[in-house]
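Colleague: Just one file: data_35.cif, with mmCIF, C-alpha atoms and all ligand atoms.
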```
data_run
loop_
_atom_site.group_PDB
_atom_site.id
_atom_site.type_symbol
_atom_site.label_atom_id
_atom_site.label_comp_id
_atom_site.auth_asym_id
_atom_site.auth_seq_id
_atom_site.Cartn_x
_atom_site.Cartn_y
_atom_site.Cartn_z
ATOM 1 C CA MET Q 143 122.241 -91.609 -133.034
ATOM 2 C CA ALA Q 144 121.033 -92.472 -129.520
ATOM 3 C CA LYS Q 145 117.519 -91.246 -128.744
ATOM 4 C CA GLY Q 146 117.070 -88.496 -126.165
ATOM 5 C CA VAL Q 147 116.018 -89.314 -122.614
ATOM 6 C CA LEU Q 148 112.423 -88.576 -121.583
ATOM 7 C CA ILE Q 149 112.302 -87.081 -118.086
ATOM 8 C CA VAL Q 150 109.073 -86.666 -116.135
ATOM 9 C CA LEU Q 151 109.080 -84.066 -113.362
ATOM 10 C CA SER Q 152 106.151 -83.988 -110.923
ATOM 11 C CA GLY Q 153 105.523 -82.404 -107.547
ATOM 12 C CA PRO Q 154 102.932 -80.311 -105.723
ATOM 13 C CA SER Q 155 101.928 -76.965 -107.188
ATOM 14 C CA GLY Q 156 104.281 -74.255 -105.912
ATOM 15 C CA THR Q 157 107.240 -76.589 -105.315
ATOM 16 C CA GLY Q 158 109.236 -74.839 -108.033
ATOM 17 C CA LYS Q 159 108.924 -77.220 -110.998
ATOM 18 C CA GLY Q 160 108.549 -74.394 -113.522
ATOM 19 C CA THR Q 161 111.413 -72.403 -112.018
ATOM 20 C CA VAL Q 162 113.759 -75.415 -111.953
ATOM 21 C CA CYS Q 163 112.780 -76.480 -115.507
ATOM 22 C CA ARG Q 164 113.435 -73.005 -116.879
ATOM 23 C CA ASP Q 165 116.936 -72.941 -115.356
ATOM 24 C CA LEU Q 166 117.659 -76.489 -116.511
ATOM 25 C CA CYS Q 167 116.740 -75.710 -120.112
ATOM 26 C CA ARG Q 168 118.594 -72.389 -120.066
ATOM 27 C CA GLN Q 169 121.770 -74.166 -118.959
ATOM 28 C CA ASN Q 170 121.452 -77.249 -121.184
ATOM 29 C CA PRO Q 171 121.023 -76.682 -124.931
ATOM 30 C CA ASN Q 172 120.378 -80.413 -125.383
ATOM 31 C CA LEU Q 173 117.391 -80.339 -123.035
ATOM 32 C CA TYR Q 174 113.927 -79.253 -124.173
ATOM 33 C CA CYS Q 175 111.089 -78.352 -121.767
ATOM 34 C CA SER Q 176 107.897 -79.559 -123.382
ATOM 35 C CA VAL Q 177 105.160 -76.911 -123.756
ATOM 36 C CA SER Q 178 101.761 -78.365 -122.846
ATOM 37 C CA VAL Q 179 98.299 -77.392 -124.023
ATOM 38 C CA THR Q 180 95.936 -76.203 -121.273
ATOM 39 C CA THR Q 181 92.389 -74.945 -120.895
ATOM 40 C CA ARG Q 182 93.445 -72.877 -117.843
ATOM 41 C CA SER Q 183 93.472 -69.085 -118.320
ATOM 42 C CA PRO Q 184 96.891 -67.471 -118.685
ATOM 43 C CA ARG Q 185 98.384 -65.988 -115.510
ATOM 44 C CA PRO Q 186 99.795 -62.466 -115.695
ATOM 45 C CA GLY Q 187 103.079 -62.652 -117.608
ATOM 46 C CA GLU Q 188 102.406 -66.077 -119.182
ATOM 47 C CA ARG Q 189 102.793 -65.971 -122.930
ATOM 48 C CA GLU Q 190 101.272 -68.238 -125.571
ATOM 49 C CA GLY Q 191 103.738 -70.934 -126.620
ATOM 50 C CA GLU Q 192 106.155 -70.226 -123.759
ATOM 51 C CA SER Q 193 104.484 -71.463 -120.566
ATOM 52 C CA TYR Q 194 101.625 -73.215 -122.363
ATOM 53 C CA TYR Q 195 99.515 -73.234 -125.497
ATOM 54 C CA PHE Q 196 96.226 -71.860 -124.178
ATOM 55 C CA SER Q 197 93.169 -73.539 -125.641
ATOM 56 C CA SER Q 198 89.392 -73.714 -125.411
ATOM 57 C CA GLU Q 199 87.839 -76.942 -124.071
ATOM 58 C CA GLU Q 200 86.377 -77.565 -127.525
ATOM 59 C CA ARG Q 201 89.791 -77.400 -129.214
ATOM 60 C CA PHE Q 202 91.270 -79.568 -126.448
ATOM 61 C CA ARG Q 203 88.627 -82.234 -127.107
ATOM 62 C CA GLU Q 204 89.430 -82.108 -130.842
ATOM 63 C CA LEU Q 205 93.098 -82.733 -130.043
ATOM 64 C CA ILE Q 206 92.106 -85.745 -127.900
ATOM 65 C CA GLU Q 207 90.062 -87.089 -130.842
ATOM 66 C CA GLN Q 208 93.037 -86.631 -133.168
ATOM 67 C CA ASP Q 209 95.253 -88.610 -130.742
ATOM 68 C CA ALA Q 210 97.545 -85.566 -130.582
ATOM 69 C CA PHE Q 211 98.353 -86.103 -126.908
ATOM 70 C CA LEU Q 212 100.989 -88.439 -125.496
ATOM 71 C CA GLU Q 213 99.064 -88.024 -122.248
ATOM 72 C CA TRP Q 214 96.460 -85.651 -120.884
ATOM 73 C CA ALA Q 215 94.683 -85.136 -117.567
ATOM 74 C CA CYS Q 216 92.229 -82.929 -115.715
ATOM 75 C CA VAL Q 217 94.158 -81.156 -112.944
ATOM 76 C CA TYR Q 218 92.550 -78.706 -110.456
ATOM 77 C CA GLY Q 219 89.520 -78.434 -112.746
ATOM 78 C CA ASN Q 220 91.396 -77.660 -115.997
ATOM 79 C CA TYR Q 221 92.681 -79.862 -118.803
ATOM 80 C CA TYR Q 222 96.385 -80.224 -119.558
ATOM 81 C CA GLY Q 223 98.019 -82.324 -122.295
ATOM 82 C CA THR Q 224 101.456 -83.143 -123.705
ATOM 83 C CA LEU Q 225 101.731 -82.892 -127.489
ATOM 84 C CA ARG Q 226 102.938 -86.238 -128.830
ATOM 85 C CA GLN Q 227 104.593 -84.954 -132.013
ATOM 86 C CA GLN Q 228 106.608 -82.267 -130.219
ATOM 87 C CA VAL Q 229 108.098 -84.830 -127.805
ATOM 88 C CA GLU Q 230 108.742 -87.604 -130.330
ATOM 89 C CA GLU Q 231 110.436 -85.238 -132.788
ATOM 90 C CA LYS Q 232 112.927 -83.988 -130.177
ATOM 91 C CA LEU Q 233 113.676 -87.447 -128.771
ATOM 92 C CA SER Q 234 114.357 -88.849 -132.236
ATOM 93 C CA LYS Q 235 116.897 -86.045 -132.814
ATOM 94 C CA GLY Q 236 118.761 -87.083 -129.646
ATOM 95 C CA ILE Q 237 117.407 -84.154 -127.625
ATOM 96 C CA ASP Q 238 116.389 -84.882 -124.014
ATOM 97 C CA VAL Q 239 112.853 -83.816 -123.157
ATOM 98 C CA ILE Q 240 111.483 -82.863 -119.750
ATOM 99 C CA LEU Q 241 107.745 -83.059 -119.064
ATOM 100 C CA GLU Q 242 106.485 -81.037 -116.127
ATOM 101 C CA ILE Q 243 103.274 -82.964 -115.515
ATOM 102 C CA ASP Q 244 101.063 -84.167 -112.676
ATOM 103 C CA THR Q 245 101.020 -87.650 -111.131
ATOM 104 C CA GLN Q 246 98.114 -88.877 -113.343
ATOM 105 C CA GLY Q 247 100.068 -87.949 -116.468
ATOM 106 C CA ALA Q 248 103.189 -89.609 -115.053
ATOM 107 C CA LYS Q 249 101.204 -92.818 -114.507
ATOM 108 C CA HIS Q 250 100.201 -92.791 -118.150
ATOM 109 C CA ILE Q 251 103.768 -92.216 -119.384
ATOM 110 C CA ARG Q 252 104.956 -95.074 -117.131
ATOM 111 C CA ARG Q 253 102.609 -97.422 -119.012
ATOM 112 C CA GLU Q 254 103.303 -96.055 -122.506
ATOM 113 C CA VAL Q 255 106.990 -95.122 -122.693
ATOM 114 C CA ARG Q 256 109.876 -97.486 -122.033
ATOM 115 C CA ASP Q 257 112.965 -96.047 -120.368
ATOM 116 C CA ALA Q 258 111.425 -92.748 -119.192
ATOM 117 C CA VAL Q 259 112.897 -91.342 -115.968
ATOM 118 C CA PHE Q 260 110.599 -90.198 -113.170
ATOM 119 C CA ILE Q 261 111.636 -87.447 -110.769
ATOM 120 C CA PHE Q 262 109.555 -86.100 -107.882
ATOM 121 C CA LEU Q 263 110.369 -82.577 -106.741
ATOM 122 C CA LEU Q 264 109.555 -81.665 -103.129
ATOM 123 C CA PRO Q 265 109.753 -78.382 -101.206
ATOM 124 C CA PRO Q 266 111.806 -78.437 -97.975
ATOM 125 C CA SER Q 267 108.558 -78.335 -95.910
ATOM 126 C CA MET Q 268 104.800 -77.938 -96.290
ATOM 127 C CA ASN Q 269 105.071 -74.548 -94.596
ATOM 128 C CA GLU Q 270 107.534 -73.433 -97.273
ATOM 129 C CA LEU Q 271 105.176 -74.813 -99.939
ATOM 130 C CA TRP Q 272 102.361 -72.647 -98.554
ATOM 131 C CA GLN Q 273 104.670 -69.607 -98.588
ATOM 132 C CA ARG Q 274 105.705 -70.279 -102.186
ATOM 133 C CA ILE Q 275 102.168 -70.740 -103.515
ATOM 134 C CA HIS Q 276 101.146 -67.490 -101.784
ATOM 135 C CA GLY Q 277 104.354 -65.697 -102.737
ATOM 136 C CA ARG Q 278 103.854 -66.520 -106.418
ATOM 137 C CA GLY Q 279 100.788 -64.282 -106.233
ATOM 138 C CA THR Q 280 99.123 -65.788 -109.299
ATOM 139 C CA ASP Q 281 96.264 -67.846 -107.841
ATOM 140 C CA ASP Q 282 93.126 -66.754 -105.970
ATOM 141 C CA SER Q 283 92.613 -68.056 -102.423
ATOM 142 C CA GLU Q 284 90.217 -70.847 -103.525
ATOM 143 C CA SER Q 285 92.707 -72.101 -106.076
ATOM 144 C CA ILE Q 286 95.540 -71.926 -103.502
ATOM 145 C CA LYS Q 287 93.531 -74.045 -101.016
ATOM 146 C CA GLN Q 288 92.693 -76.571 -103.745
ATOM 147 C CA ARG Q 289 96.338 -76.875 -104.812
ATOM 148 C CA PHE Q 290 97.594 -77.179 -101.242
ATOM 149 C CA ALA Q 291 95.032 -79.891 -100.384
ATOM 150 C CA ALA Q 292 95.965 -81.797 -103.550
ATOM 151 C CA ALA Q 293 99.626 -81.770 -102.486
ATOM 152 C CA TYR Q 294 98.908 -84.431 -99.819
ATOM 153 C CA GLN Q 295 97.254 -86.683 -102.411
ATOM 154 C CA GLU Q 296 100.159 -86.235 -104.819
ATOM 155 C CA LEU Q 297 102.662 -87.207 -102.107
ATOM 156 C CA LYS Q 298 101.047 -90.659 -101.961
ATOM 157 C CA GLU Q 299 102.441 -91.358 -105.453
ATOM 158 C CA ILE Q 300 106.035 -90.612 -104.529
ATOM 159 C CA ARG Q 301 107.118 -94.266 -104.302
ATOM 160 C CA GLU Q 302 106.293 -94.771 -107.989
ATOM 161 C CA TYR Q 303 109.076 -92.333 -108.928
ATOM 162 C CA ASP Q 304 112.742 -93.193 -109.552
ATOM 163 C CA TYR Q 305 114.275 -90.137 -107.896
ATOM 164 C CA LEU Q 306 113.421 -87.573 -105.236
ATOM 165 C CA VAL Q 307 114.881 -84.058 -105.413
ATOM 166 C CA ILE Q 308 114.349 -81.458 -102.674
ATOM 167 C CA ASN Q 309 114.083 -77.932 -104.044
ATOM 168 C CA GLU Q 310 115.614 -76.109 -101.089
ATOM 169 C CA ASN Q 311 117.478 -73.844 -103.464
ATOM 170 C CA VAL Q 312 117.157 -73.783 -107.228
ATOM 171 C CA THR Q 313 120.870 -74.103 -108.025
ATOM 172 C CA ASP Q 314 121.221 -77.385 -106.078
ATOM 173 C CA ALA Q 315 117.954 -78.819 -107.431
ATOM 174 C CA VAL Q 316 119.142 -78.091 -110.989
ATOM 175 C CA LYS Q 317 122.496 -79.765 -110.261
ATOM 176 C CA ASP Q 318 120.760 -82.846 -108.822
ATOM 177 C CA ILE Q 319 118.573 -83.220 -111.920
ATOM 178 C CA GLN Q 320 121.558 -82.750 -114.241
ATOM 179 C CA ALA Q 321 123.336 -85.542 -112.343
ATOM 180 C CA ILE Q 322 120.297 -87.812 -112.708
ATOM 181 C CA ILE Q 323 120.140 -87.195 -116.476
ATOM 182 C CA LEU Q 324 123.853 -87.929 -116.830
ATOM 183 C CA ALA Q 325 123.540 -91.160 -114.826
ATOM 184 C CA GLU Q 326 120.572 -92.258 -116.937
ATOM 185 C CA LYS Q 327 122.518 -91.658 -120.148
ATOM 186 C CA CYS Q 328 125.279 -93.970 -118.868
ATOM 187 C CA ARG Q 329 122.896 -96.836 -118.153
ATOM 188 C CA ILE Q 330 123.881 -99.917 -120.102
ATOM 189 C CA LYS Q 331 120.324 -100.606 -121.285
ATOM 190 C CA LYS Q 332 120.114 -97.130 -122.880
ATOM 191 C CA ASP Q 333 122.679 -97.658 -125.581
ATOM 192 C CA LYS Q 334 121.772 -100.904 -127.248
ATOM 193 C CA ASP Q 335 122.823 -99.678 -130.727
ATOM 194 C CA TYR Q 336 126.266 -98.745 -129.537
ATOM 195 C CA LEU Q 337 126.691 -102.078 -127.734
ATOM 196 C CA SER Q 338 125.658 -104.213 -130.697
ATOM 197 C CA ARG Q 339 128.016 -102.270 -133.003
ATOM 198 C CA PHE Q 340 130.786 -102.781 -130.470
ATOM 199 C CA PHE Q 341 130.248 -106.544 -130.302
ATOM 200 C CA GLU Q 342 129.924 -106.880 -134.094
ATOM 201 C CA GLU Q 343 133.246 -105.096 -134.496
ATOM 202 C CA GLY Q 344 134.803 -107.438 -131.913
ATOM 203 C CA GLU Q 345 133.646 -110.496 -133.851
ATOM 204 C CA THR Q 346 135.223 -109.346 -137.118
ATOM 205 C CA PHE Q 347 138.376 -107.900 -135.585
ATOM 206 C CA ASP Q 348 141.448 -109.332 -137.340
ATOM 207 C CA LEU Q 349 144.228 -109.698 -134.764
ATOM 208 C CA SER Q 350 146.708 -110.865 -137.423
ATOM 209 C CA LEU Q 351 146.864 -107.281 -138.767
ATOM 210 C CA TYR Q 352 148.550 -106.101 -135.551
HETATM 211 P P1 LIG E 1 105.439 -74.941 -109.718
HETATM 212 O O1 LIG E 1 105.816 -74.842 -111.172
HETATM 213 O O2 LIG E 1 105.926 -76.194 -109.066
HETATM 214 O O3 LIG E 1 103.986 -74.714 -109.470
HETATM 215 P P2 LIG E 1 106.882 -72.386 -109.512
HETATM 216 O O4 LIG E 1 108.105 -72.654 -110.298
HETATM 217 O O5 LIG E 1 105.823 -71.531 -110.114
HETATM 218 O O6 LIG E 1 106.217 -73.757 -108.961
HETATM 219 O O7 LIG E 1 107.371 -71.745 -108.128
HETATM 220 C C1 LIG E 1 106.446 -71.284 -107.141
HETATM 221 C C2 LIG E 1 107.037 -70.045 -106.449
HETATM 222 O O8 LIG E 1 108.146 -70.454 -105.654
HETATM 223 C C3 LIG E 1 107.574 -69.005 -107.431
HETATM 224 O O9 LIG E 1 107.255 -67.718 -106.914
HETATM 225 C C4 LIG E 1 109.086 -69.239 -107.450
HETATM 226 O O10 LIG E 1 109.796 -68.059 -107.711
HETATM 227 C C5 LIG E 1 109.328 -69.728 -106.014
HETATM 228 N N1 LIG E 1 110.447 -70.683 -105.891
HETATM 229 C C6 LIG E 1 110.773 -71.720 -106.697
HETATM 230 N N2 LIG E 1 111.855 -72.381 -106.226
HETATM 231 C C7 LIG E 1 112.228 -71.760 -105.088
HETATM 232 C C8 LIG E 1 113.289 -71.956 -104.130
HETATM 233 N N3 LIG E 1 114.173 -72.960 -104.248
HETATM 234 N N4 LIG E 1 113.358 -71.113 -103.073
HETATM 235 C C9 LIG E 1 112.462 -70.098 -102.936
HETATM 236 N N5 LIG E 1 111.452 -69.842 -103.791
HETATM 237 C C10 LIG E 1 111.327 -70.659 -104.873
HETATM 238 P P1 LIG E 2 99.744 -74.955 -113.348
HETATM 239 O O1 LIG E 2 98.314 -74.597 -113.582
HETATM 240 O O2 LIG E 2 100.196 -74.608 -111.932
HETATM 241 O O3 LIG E 2 100.665 -74.458 -114.411
HETATM 242 O O4 LIG E 2 99.846 -76.563 -113.432
HETATM 243 C C1 LIG E 2 98.980 -77.331 -112.650
HETATM 244 C C2 LIG E 2 99.405 -78.784 -112.681
HETATM 245 O O5 LIG E 2 99.245 -79.302 -113.998
HETATM 246 C C3 LIG E 2 100.868 -79.029 -112.294
HETATM 247 O O6 LIG E 2 100.906 -80.172 -111.443
HETATM 248 C C4 LIG E 2 101.534 -79.351 -113.615
HETATM 249 O O7 LIG E 2 102.644 -80.212 -113.454
HETATM 250 C C5 LIG E 2 100.396 -80.066 -114.327
HETATM 251 N N1 LIG E 2 100.573 -80.093 -115.784
HETATM 252 C C6 LIG E 2 101.067 -79.122 -116.590
HETATM 253 N N2 LIG E 2 101.088 -79.549 -117.869
HETATM 254 C C7 LIG E 2 100.613 -80.820 -117.865
HETATM 255 C C8 LIG E 2 100.403 -81.800 -118.884
HETATM 256 O O8 LIG E 2 100.651 -81.599 -120.077
HETATM 257 N N3 LIG E 2 99.896 -82.991 -118.490
HETATM 258 C C9 LIG E 2 99.581 -83.268 -117.197
HETATM 259 N N4 LIG E 2 99.109 -84.478 -116.901
HETATM 260 N N5 LIG E 2 99.777 -82.370 -116.217
HETATM 261 C C10 LIG E 2 100.279 -81.171 -116.539
#
```
Please express the file's structure as structure tokens.
Ligand code: ADP
Ligand code: 5GP
Modeller:
Amino acid sequence: MAKGVLIVLSGPSGTGKGTVCRDLCRQNPNLYCSVSVTTRSPRPGEREGESYYFSSEERFRELIEQDAFLEWACVYGNYYGTLRQQVEEKLSKGIDVILEIDTQGAKHIRREVRDAVFIFLLPPSMNELWQRIHGRGTDDSESIKQRFAAAYQELKEIREYDYLVINENVTDAVKDIQAIILAEKCRIKKDKDYLSRFFEEGETFDLSLY
């Protein structure tokens, strides 16, 4: 069985990564949105094990020691990490996995994982980004300023990504990402097992039987 595709989705806070990921996973049973561990406090409506696994800093450090993270980073003053076992298990079952992580985490995955696909999600404008962060109504004004300022830094990393998707409306952004996943699955380098079986069969094919 071919392994699943690992997709990394980054973009400034408030762009709509969470919204787009939720719709993607709802529409694609073969796509799993990884649930990270974070030391950030839950926002109203966020439930344990759905948006994140919420953890103390002490527990987070223990998980680092145990090498439980595929990658981890400190983002806007809190720690966030991707659980290695969760991702590897799904990929080995042929399930595609999407990681909604920051640019530091993406850098790490780029070094560690062959064949991962990197997508950068952008809002249609910085003004719209400001409106969305405010409109979400989940962060205090200090946190909003910090996230907005960080957006400019994150944009500097955009050239390291394979694809750019503009989240003008969620339906189109979801369609764009589905198209990217499909294209990646058709890449010749992805299906080495299938190709070698195909060539082996060709070598032993007995034309005299036909
Ligand atoms: P992120 O995960 O990137 O921080 P969210 O998914 O939390 O962003 O989205 C931030 C806010 O923007 C939310 O209130 C969400 O409903 C809204 N939003 C997301 N995508 C769009 C869109 N295409 N048009 C308008 N609002 C959007
Ligand atoms: P938020 O607090 O808005 O949910 O997320 C803040 C930032 O942390 C976002 O850029 C998000 O993509 C990033 N993030 C969430 N989970 C992880 C993770 O497991 N690893 C890394 N490196 N970043 C993450």
Colleague: Please give me, as a PyMOL selection string, the residues lying within 7 Å of ligand LIG 2 (chain E) when counting all atoms listed in the file.
Modeller: chain Q and resi 152-155+178-179+182+213-215+217-218+222-224+242-248
Colleague: Could you save the residues just selected, with C-alpha atoms, as a PDB file, in the coordinates of the input?
Modeller:
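Final file, again.pdb:
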```pdb
ATOM      1  CA  SER Q 152     106.151 -83.988-110.923  1.00  0.00           C
ATOM      2  CA  GLY Q 153     105.523 -82.404-107.547  1.00  0.00           C
ATOM      3  CA  PRO Q 154     102.932 -80.311-105.723  1.00  0.00           C
ATOM      4  CA  SER Q 155     101.928 -76.965-107.188  1.00  0.00           C
ATOM      5  CA  SER Q 178     101.761 -78.365-122.846  1.00  0.00           C
ATOM      6  CA  VAL Q 179      98.299 -77.392-124.023  1.00  0.00           C
ATOM      7  CA  ARG Q 182      93.445 -72.877-117.843  1.00  0.00           C
ATOM      8  CA  GLU Q 213      99.064 -88.024-122.248  1.00  0.00           C
ATOM      9  CA  TRP Q 214      96.460 -85.651-120.884  1.00  0.00           C
ATOM     10  CA  ALA Q 215      94.683 -85.136-117.567  1.00  0.00           C
ATOM     11  CA  VAL Q 217      94.158 -81.156-112.944  1.00  0.00           C
ATOM     12  CA  TYR Q 218      92.550 -78.706-110.456  1.00  0.00           C
ATOM     13  CA  TYR Q 222      96.385 -80.224-119.558  1.00  0.00           C
ATOM     14  CA  GLY Q 223      98.019 -82.324-122.295  1.00  0.00           C
ATOM     15  CA  THR Q 224     101.456 -83.143-123.705  1.00  0.00           C
ATOM     16  CA  GLU Q 242     106.485 -81.037-116.127  1.00  0.00           C
ATOM     17  CA  ILE Q 243     103.274 -82.964-115.515  1.00  0.00           C
ATOM     18  CA  ASP Q 244     101.063 -84.167-112.676  1.00  0.00           C
ATOM     19  CA  THR Q 245     101.020 -87.650-111.131  1.00  0.00           C
ATOM     20  CA  GLN Q 246      98.114 -88.877-113.343  1.00  0.00           C
ATOM     21  CA  GLY Q 247     100.068 -87.949-116.468  1.00  0.00           C
ATOM     22  CA  ALA Q 248     103.189 -89.609-115.053  1.00  0.00           C
TER      23      ALA Q 248
END
```
Colleague: Please identify all protein, DNA and RNA residues within 9 Å of ligand LIG 1 (chain E), counting only C-alpha atoms and all ligand atoms, and report them as a ChimeraX atom specification.
Modeller: /Q:152-164,242,263-266,270-271,273-280,308-315
Colleague: Could those residues be written to a file, using C-alpha atoms, as a PDB file, keeping the file's coordinate frame?
Modeller:
```
ATOM      1  CA  SER Q 152     106.151 -83.988-110.923  1.00  0.00           C
ATOM      2  CA  GLY Q 153     105.523 -82.404-107.547  1.00  0.00           C
ATOM      3  CA  PRO Q 154     102.932 -80.311-105.723  1.00  0.00           C
ATOM      4  CA  SER Q 155     101.928 -76.965-107.188  1.00  0.00           C
ATOM      5  CA  GLY Q 156     104.281 -74.255-105.912  1.00  0.00           C
ATOM      6  CA  THR Q 157     107.240 -76.589-105.315  1.00  0.00           C
ATOM      7  CA  GLY Q 158     109.236 -74.839-108.033  1.00  0.00           C
ATOM      8  CA  LYS Q 159     108.924 -77.220-110.998  1.00  0.00           C
ATOM      9  CA  GLY Q 160     108.549 -74.394-113.522  1.00  0.00           C
ATOM     10  CA  THR Q 161     111.413 -72.403-112.018  1.00  0.00           C
ATOM     11  CA  VAL Q 162     113.759 -75.415-111.953  1.00  0.00           C
ATOM     12  CA  CYS Q 163     112.780 -76.480-115.507  1.00  0.00           C
ATOM     13  CA  ARG Q 164     113.435 -73.005-116.879  1.00  0.00           C
ATOM     14  CA  GLU Q 242     106.485 -81.037-116.127  1.00  0.00           C
ATOM     15  CA  LEU Q 263     110.369 -82.577-106.741  1.00  0.00           C
ATOM     16  CA  LEU Q 264     109.555 -81.665-103.129  1.00  0.00           C
ATOM     17  CA  PRO Q 265     109.753 -78.382-101.206  1.00  0.00           C
ATOM     18  CA  PRO Q 266     111.806 -78.437 -97.975  1.00  0.00           C
ATOM     19  CA  GLU Q 270     107.534 -73.433 -97.273  1.00  0.00           C
ATOM     20  CA  LEU Q 271     105.176 -74.813 -99.939  1.00  0.00           C
ATOM     21  CA  GLN Q 273     104.670 -69.607 -98.588  1.00  0.00           C
ATOM     22  CA  ARG Q 274     105.705 -70.279-102.186  1.00  0.00           C
ATOM     23  CA  ILE Q 275     102.168 -70.740-103.515  1.00  0.00           C
ATOM     24  CA  HIS Q 276     101.146 -67.490-101.784  1.00  0.00           C
ATOM     25  CA  GLY Q 277     104.354 -65.697-102.737  1.00  0.00           C
ATOM     26  CA  ARG Q 278     103.854 -66.520-106.418  1.00  0.00           C
ATOM     27  CA  GLY Q 279     100.788 -64.282-106.233  1.00  0.00           C
ATOM     28  CA  THR Q 280      99.123 -65.788-109.299  1.00  0.00           C
ATOM     29  CA  ILE Q 308     114.349 -81.458-102.674  1.00  0.00           C
ATOM     30  CA  ASN Q 309     114.083 -77.932-104.044  1.00  0.00           C
ATOM     31  CA  GLU Q 310     115.614 -76.109-101.089  1.00  0.00           C
ATOM     32  CA  ASN Q 311     117.478 -73.844-103.464  1.00  0.00           C
ATOM     33  CA  VAL Q 312     117.157 -73.783-107.228  1.00  0.00           C
ATOM     34  CA  THR Q 313     120.870 -74.103-108.025  1.00  0.00           C
ATOM     35  CA  ASP Q 314     121.221 -77.385-106.078  1.00  0.00           C
ATOM     36  CA  ALA Q 315     117.954 -78.819-107.431  1.00  0.00           C
TER      37      ALA Q 315
END
```
Colleague: Between atom CA of Q:Val316 and atom CA of Q:Asn172, what is the distance, to one decimal in Å?
Modeller: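 A separation of 14.6 Å between them.
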Colleague: Taking all atoms listed in the file into account, which of Q:Gln228, Q:Asn220, Q:Gln208, Q:Ser198 comes nearest Q:Val177?
Modeller: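 Of Q:Gln228, Q:Asn220, Q:Gln208, Q:Ser198, the one nearest Q:Val177 is Q:Gln228, counting all atoms listed in the file.
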Colleague: Just the residues within 7 Å of Q:Leu225, please, counting only C-alpha atoms, with nothing from its chain fewer than 4 positions along; format it as a VMD selection string.
Modeller: chain Q and resid 178 210 to 212 229
Colleague: Please measure the separation of atom CA of Q:Val255 and atom CA of Q:Ser193, giving the value in Å to one decimal.
Modeller: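 About the pair atom CA of Q:Val255 and atom CA of Q:Ser193: they are 23.9 Å apart.
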Colleague: Got a sec: who's within 8 Å of stretch 300-305 of chain Q, counting all atoms listed in the file, leaving out chain neighbours fewer than 5 positions off, as a CSV table (one decimal) with C-alpha atoms, in the frame of the given file?
Modeller:
```
chain,number,residue,atom,x,y,z
Q,259,VAL,CA,112.9,-91.3,-116.0
Q,260,PHE,CA,110.6,-90.2,-113.2
Q,261,ILE,CA,111.6,-87.4,-110.8
Q,262,PHE,CA,109.6,-86.1,-107.9
```
